[in-house]
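Engineer: So here's protein-v1.cif, just mmCIF, C-alpha atoms:
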data_protein
loop_
_atom_site.label_atom_id
_atom_site.label_comp_id
_atom_site.auth_asym_id
_atom_site.auth_seq_id
_atom_site.Cartn_x
_atom_site.Cartn_y
_atom_site.Cartn_z
CA MET K 17 37.91 -21.57 -21.58
CA LEU K 18 36.63 -18.11 -22.49
CA ARG K 19 39.10 -15.47 -23.53
CA PRO K 20 38.81 -12.03 -21.86
CA ALA K 21 36.94 -10.47 -24.81
CA SER K 22 34.49 -13.39 -24.99
CA PHE K 23 34.00 -13.27 -21.23
CA ARG K 24 33.16 -9.55 -21.36
CA LEU K 25 30.68 -10.14 -24.17
CA ALA K 26 29.02 -13.04 -22.35
CA SER K 27 28.84 -10.94 -19.16
CA ALA K 28 27.27 -8.03 -21.04
CA VAL K 29 24.66 -10.30 -22.64
CA ALA K 30 23.85 -11.89 -19.27
CA LEU K 31 23.45 -8.46 -17.69
CA ILE K 32 21.11 -7.31 -20.46
CA VAL K 33 18.97 -10.44 -20.06
CA LEU K 34 18.86 -9.97 -16.28
CA VAL K 35 17.84 -6.31 -16.52
CA THR K 36 15.17 -7.10 -19.12
CA CYS K 37 13.70 -9.87 -16.95
CA PHE K 38 13.68 -7.62 -13.88
CA ALA K 39 11.97 -4.81 -15.81
CA ALA K 40 9.28 -7.21 -17.07
CA TRP K 41 8.71 -8.53 -13.52
CA ALA K 42 8.54 -4.99 -12.08
CA GLU K 43 5.78 -4.07 -14.56
CA THR K 44 3.62 -6.93 -13.29
CA VAL K 45 3.99 -5.87 -9.63
CA THR K 46 2.00 -2.67 -9.43
CA ALA K 47 0.32 -1.04 -6.51
CA PRO K 48 -3.44 -0.67 -6.76
CA LYS K 49 -4.61 2.69 -8.06
CA TYR K 50 -6.97 4.93 -6.13
CA ASP K 51 -10.33 5.18 -7.92
CA LYS K 52 -12.44 8.08 -6.66
CA SER K 53 -15.54 6.62 -8.32
CA SER K 54 -15.35 3.61 -5.98
CA GLU K 55 -15.14 5.64 -2.74
CA VAL K 56 -17.06 4.34 0.25
CA LYS K 57 -17.23 5.07 3.98
CA VAL K 58 -16.85 2.08 6.25
CA LYS K 59 -17.19 2.09 10.05
CA GLY K 60 -15.88 -0.64 12.27
CA ILE K 61 -13.53 -1.84 14.96
CA ILE K 62 -9.87 -2.53 14.23
CA ASP K 63 -9.34 -6.27 14.60
CA ASP K 64 -5.65 -6.28 13.64
CA VAL K 65 -2.83 -3.95 12.65
CA LYS K 66 -0.08 -5.30 10.45
CA THR K 67 2.90 -4.03 8.51
CA THR K 68 3.64 -5.74 5.21
CA ALA K 69 7.06 -6.57 3.76
CA ASP K 70 7.07 -3.23 1.90
CA ASN K 71 6.53 -1.39 5.24
CA THR K 72 2.93 -0.43 4.51
CA VAL K 73 0.54 -0.38 7.46
CA HIS K 74 -2.76 -2.22 7.05
CA ILE K 75 -5.67 -2.38 9.46
CA ILE K 76 -8.20 -5.18 9.43
CA LEU K 77 -11.55 -3.53 10.04
CA LYS K 78 -14.49 -5.59 11.31
CA ASN K 79 -18.16 -4.64 11.32
CA ASP K 80 -21.57 -6.29 10.96
CA THR K 81 -20.99 -7.08 7.28
CA GLY K 82 -17.59 -8.77 7.71
CA SER K 83 -14.01 -7.63 7.61
CA VAL K 84 -11.97 -5.57 5.18
CA ASP K 85 -8.23 -5.07 4.75
CA VAL K 86 -7.50 -1.33 4.72
CA THR K 87 -4.21 -0.13 3.24
CA VAL K 88 -3.40 2.95 5.29
CA ALA K 89 0.06 4.39 4.55
CA PRO K 90 3.79 3.69 4.82
CA GLU K 91 4.89 2.97 8.39
CA LYS K 92 7.56 5.69 8.23
CA PHE K 93 4.98 8.34 7.31
CA LEU K 94 2.66 7.31 10.14
CA LYS K 95 5.54 7.41 12.63
CA GLU K 96 6.58 10.89 11.48
CA MET K 97 2.98 12.06 11.87
CA GLU K 98 2.75 10.28 15.25
CA ILE K 99 -0.26 8.25 14.09
CA THR K 100 -0.81 4.84 15.63
CA PHE K 101 -3.61 2.33 15.44
CA ALA K 102 -4.50 -0.41 17.91
CA LYS K 103 -6.78 -3.40 18.03
CA GLY K 104 -10.14 -2.29 19.41
CA ASP K 105 -10.03 1.28 18.02
CA ALA K 106 -13.36 2.38 16.53
CA VAL K 107 -12.74 4.11 13.20
CA GLN K 108 -14.44 5.29 10.05
CA VAL K 109 -12.51 4.96 6.80
CA LEU K 110 -13.18 6.84 3.57
CA GLY K 111 -11.43 5.00 0.79
CA SER K 112 -11.39 3.45 -2.62
CA GLN K 113 -13.04 0.05 -2.59
CA LEU K 114 -11.31 -2.76 -4.47
CA THR K 115 -10.74 -6.50 -4.40
CA ILE K 116 -7.32 -8.07 -3.82
CA ASP K 117 -6.94 -11.82 -4.30
CA GLY K 118 -10.74 -12.15 -4.15
CA ASN K 119 -11.03 -10.32 -0.81
CA PRO K 120 -12.56 -6.90 -0.13
CA ALA K 121 -10.02 -4.13 0.45
CA LEU K 122 -9.81 -0.36 0.77
CA LEU K 123 -7.15 2.20 -0.02
CA ALA K 124 -7.64 4.73 2.78
CA ARG K 125 -8.01 8.41 1.96
CA GLU K 126 -9.16 9.46 5.44
CA VAL K 127 -9.34 7.65 8.73
CA VAL K 128 -11.50 9.18 11.49
CA ARG K 129 -11.01 8.16 15.12
CA ASN K 130 -12.59 9.96 18.09
CA GLY K 131 -13.41 12.90 15.82
CA ASP K 132 -9.81 13.26 14.61
CA VAL K 133 -9.49 13.15 10.81
CA MET K 134 -6.23 11.65 9.58
CA VAL K 135 -5.70 12.38 5.88
CA MET K 136 -3.69 9.80 3.93
CA ARG K 137 -4.52 10.93 0.39
CA ASP K 138 -5.72 14.18 -1.11
CA GLU K 139 -9.16 14.64 -2.69
CA HIS K 140 -7.86 13.11 -5.95
CA GLY K 141 -6.43 10.05 -4.21
CA LYS K 142 -2.79 11.12 -4.42
CA PRO K 143 -0.83 9.95 -1.36
CA VAL K 144 0.04 12.88 0.90
CA TRP K 145 3.28 11.18 1.96
CA LEU K 146 4.82 11.57 -1.50
CA GLY K 147 7.69 13.99 -1.06
CA TRP K 148 7.74 13.47 2.73
CA ILE K 149 9.50 10.14 2.85
CA LYS K 150 13.12 10.11 1.85
#
Let's see the structure in the file written out as structure tokens.
Structural biologist:
Amino acid sequence: MLRPASFRLASAVALIVLVTCFAAWAETVTAPKYDKSSEVKVKGIIDDVKTTADNTVHIILKNDTGSVDVTVAPEKFLKEMEITFAKGDAVQVLGSQLTIDGNPALLAREVVRNGDVMVMRDEHGKPVWLGWIK
């Protein structure tokens, strides 16, 4: 049986190990970075709208060349801005092209629908919702 002092020491060591493991895991889970040099414009029809576990809205955009997963913005930001997307919407996305798990993807900077430009990131790729969402 552990005495109180030994128990406190064992608890402190366990806590340190737990925090260290969590910090190491958190470093491996990073969001993709916006790369202005990989910007492309893609037109297509929204085939699906989904919200991921981290409450980020994605649209699956289909066109003649295939489909691409577009990371748009946090759901809360889009709701505050009264922006919605629906299957069948025709859009043009300006974004940073990347590959996630071997599949083409985009980080949206601008989404244009019916002539309306919805800005998700500034000209440097910095998310415009930073500071908005509490």
Engineer: To one decimal place in Å, what is the distance between atom CA of K:Val133 and atom CA of K:Leu94?
Structural biologist: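 Separation between atom CA of K:Val133 and atom CA of K:Leu94: 13.5 Å.
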Engineer: Between K:Val88, K:Val107, K:Ala124, K:Met97, which has the minimum distance to K:Asp63 (counting all atoms listed in the file)?
Structural biologist: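 Of all the options, K:Val107 lies closest to K:Asp63.
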Engineer: Please list as JSON, numbers by chain every residue within 8 Å of K:Gly111, counting all atoms listed in the file and excluding residues in the same chain fewer than 5 positions away.
Structural biologist: {"K": [54, 55, 56, 57, 122, 123, 124, 125, 126]}
Engineer: Could you tell me how far atom CA of K:Pro90 sits from atom CA of K:Gln108, in Å to one decimal place?
Structural biologist: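 For atom CA of K:Gln108 relative to atom CA of K:Pro90, the distance reads 19.0 Å.
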Engineer: I need the output of the PyMOL selection byres ((chain K and resi 60) around 10) for this file as JSON, numbers by chain; which residues are they?
Structural biologist: {"K": [58, 59, 61, 62, 63, 76, 77, 78, 79, 80, 81, 82, 83, 84, 104, 105, 106, 107, 108, 109]}
Engineer: Could you write out that same residue set with C-alpha atoms as a PDB file, keeping the file's coordinate frame?
Structural biologist:
ATOM      1  CA  VAL K  58     -16.850   2.080   6.250  1.00  0.00           C
ATOM      2  CA  LYS K  59     -17.190   2.090  10.050  1.00  0.00           C
ATOM      3  CA  ILE K  61     -13.530  -1.840  14.960  1.00  0.00           C
ATOM      4  CA  ILE K  62      -9.870  -2.530  14.230  1.00  0.00           C
ATOM      5  CA  ASP K  63      -9.340  -6.270  14.600  1.00  0.00           C
ATOM      6  CA  ILE K  76      -8.200  -5.180   9.430  1.00  0.00           C
ATOM      7  CA  LEU K  77     -11.550  -3.530  10.040  1.00  0.00           C
ATOM      8  CA  LYS K  78     -14.490  -5.590  11.310  1.00  0.00           C
ATOM      9  CA  ASN K  79     -18.160  -4.640  11.320  1.00  0.00           C
ATOM     10  CA  ASP K  80     -21.570  -6.290  10.960  1.00  0.00           C
ATOM     11  CA  THR K  81     -20.990  -7.080   7.280  1.00  0.00           C
ATOM     12  CA  GLY K  82     -17.590  -8.770   7.710  1.00  0.00           C
ATOM     13  CA  SER K  83     -14.010  -7.630   7.610  1.00  0.00           C
ATOM     14  CA  VAL K  84     -11.970  -5.570   5.180  1.00  0.00           C
ATOM     15  CA  GLY K 104     -10.140  -2.290  19.410  1.00  0.00           C
ATOM     16  CA  ASP K 105     -10.030   1.280  18.020  1.00  0.00           C
ATOM     17  CA  ALA K 106     -13.360   2.380  16.530  1.00  0.00           C
ATOM     18  CA  VAL K 107     -12.740   4.110  13.200  1.00  0.00           C
ATOM     19  CA  GLN K 108     -14.440   5.290  10.050  1.00  0.00           C
ATOM     20  CA  VAL K 109     -12.510   4.960   6.800  1.00  0.00           C
TER      21      VAL K 109
END
Engineer: Write out as a list in words which residues come within 12 Å of K:Trp145 when counting all atoms listed in the file, dropping same-chain ones fewer than 3 positions away.
Structural biologist: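 Surrounding residues, per the criterion: Thr72, Val88, Ala89, Pro90, Glu91, Lys92, Phe93, Leu94, Lys95, Glu96, Met97, Arg125, Val135, Met136, Arg137, Asp138, Gly141, Lys142, Trp148, Ile149 and Lys150 of chain K.
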Engineer: When you draw a straight line from atom CA of K:Tyr50 to atom CA of K:Thr68, how long is it in Å?
Structural biologist: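 The value is 18.8 Å.
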Engineer: Output stretch 77-107 of chain K as a short mmCIF file (atom, residue, chain, number, x, y, z; two decimals), in the coordinates of the input, making sure N, CA and C atoms are there.
Structural biologist:
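Saved result, result_16.cif, follows:
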data_model
loop_
_atom_site.label_atom_id
_atom_site.label_comp_id
_atom_site.auth_asym_id
_atom_site.auth_seq_id
_atom_site.Cartn_x
_atom_site.Cartn_y
_atom_site.Cartn_z
N LEU K 77 -10.38 -4.18 9.46
CA LEU K 77 -11.55 -3.53 10.04
C LEU K 77 -12.72 -4.49 10.03
N LYS K 78 -13.34 -4.70 11.20
CA LYS K 78 -14.49 -5.59 11.31
C LYS K 78 -15.74 -4.79 11.64
N ASN K 79 -16.85 -5.21 11.00
CA ASN K 79 -18.16 -4.64 11.32
C ASN K 79 -19.22 -5.71 11.10
N ASP K 80 -20.48 -5.32 11.10
CA ASP K 80 -21.57 -6.29 10.96
C ASP K 80 -21.56 -7.04 9.63
N THR K 81 -20.97 -6.45 8.61
CA THR K 81 -20.99 -7.08 7.28
C THR K 81 -19.77 -7.94 7.02
N GLY K 82 -18.80 -7.96 7.92
CA GLY K 82 -17.59 -8.77 7.71
C GLY K 82 -16.34 -7.99 8.06
N SER K 83 -15.26 -8.33 7.37
CA SER K 83 -14.01 -7.63 7.61
C SER K 83 -13.41 -7.17 6.28
N VAL K 84 -12.61 -6.14 6.37
CA VAL K 84 -11.97 -5.57 5.18
C VAL K 84 -10.54 -5.18 5.54
N ASP K 85 -9.63 -5.44 4.61
CA ASP K 85 -8.23 -5.07 4.75
C ASP K 85 -8.07 -3.65 4.22
N VAL K 86 -7.65 -2.73 5.10
CA VAL K 86 -7.50 -1.33 4.72
C VAL K 86 -6.01 -0.99 4.61
N THR K 87 -5.57 -0.60 3.43
CA THR K 87 -4.21 -0.13 3.24
C THR K 87 -4.18 1.32 3.67
N VAL K 88 -3.38 1.62 4.71
CA VAL K 88 -3.40 2.95 5.29
C VAL K 88 -2.32 3.83 4.69
N ALA K 89 -1.05 3.56 5.00
CA ALA K 89 0.06 4.39 4.55
C ALA K 89 1.37 3.71 4.93
N PRO K 90 2.49 4.22 4.41
CA PRO K 90 3.79 3.69 4.82
C PRO K 90 4.03 3.89 6.32
N GLU K 91 4.62 2.92 6.95
CA GLU K 91 4.89 2.97 8.39
C GLU K 91 5.71 4.20 8.76
N LYS K 92 6.70 4.54 7.94
CA LYS K 92 7.56 5.69 8.23
C LYS K 92 6.75 6.99 8.27
N PHE K 93 5.83 7.16 7.34
CA PHE K 93 4.98 8.34 7.31
C PHE K 93 4.14 8.43 8.58
N LEU K 94 3.51 7.31 8.95
CA LEU K 94 2.66 7.31 10.14
C LEU K 94 3.46 7.63 11.39
N LYS K 95 4.70 7.11 11.47
CA LYS K 95 5.54 7.41 12.63
C LYS K 95 5.90 8.89 12.68
N GLU K 96 6.24 9.47 11.52
CA GLU K 96 6.58 10.89 11.48
C GLU K 96 5.39 11.76 11.87
N MET K 97 4.20 11.31 11.53
CA MET K 97 2.98 12.06 11.87
C MET K 97 2.45 11.68 13.26
N GLU K 98 3.13 10.75 13.93
CA GLU K 98 2.75 10.28 15.25
C GLU K 98 1.33 9.70 15.27
N ILE K 99 1.04 8.92 14.22
CA ILE K 99 -0.26 8.25 14.09
C ILE K 99 -0.05 6.77 14.39
N THR K 100 -0.83 6.26 15.33
CA THR K 100 -0.81 4.84 15.63
C THR K 100 -2.23 4.30 15.64
N PHE K 101 -2.34 3.01 15.39
CA PHE K 101 -3.61 2.33 15.44
C PHE K 101 -3.46 1.12 16.35
N ALA K 102 -4.55 0.75 17.02
CA ALA K 102 -4.50 -0.41 17.91
C ALA K 102 -5.78 -1.23 17.76
N LYS K 103 -5.63 -2.50 18.03
CA LYS K 103 -6.78 -3.40 18.03
C LYS K 103 -7.81 -2.84 19.01
N GLY K 104 -9.06 -2.80 18.57
CA GLY K 104 -10.14 -2.29 19.41
C GLY K 104 -10.53 -0.85 19.12
N ASP K 105 -9.68 -0.11 18.38
CA ASP K 105 -10.03 1.28 18.02
C ASP K 105 -11.27 1.28 17.12
N ALA K 106 -12.21 2.17 17.40
CA ALA K 106 -13.36 2.38 16.53
C ALA K 106 -12.99 3.47 15.52
N VAL K 107 -13.12 3.16 14.24
CA VAL K 107 -12.74 4.11 13.20
C VAL K 107 -13.77 4.12 12.08
#
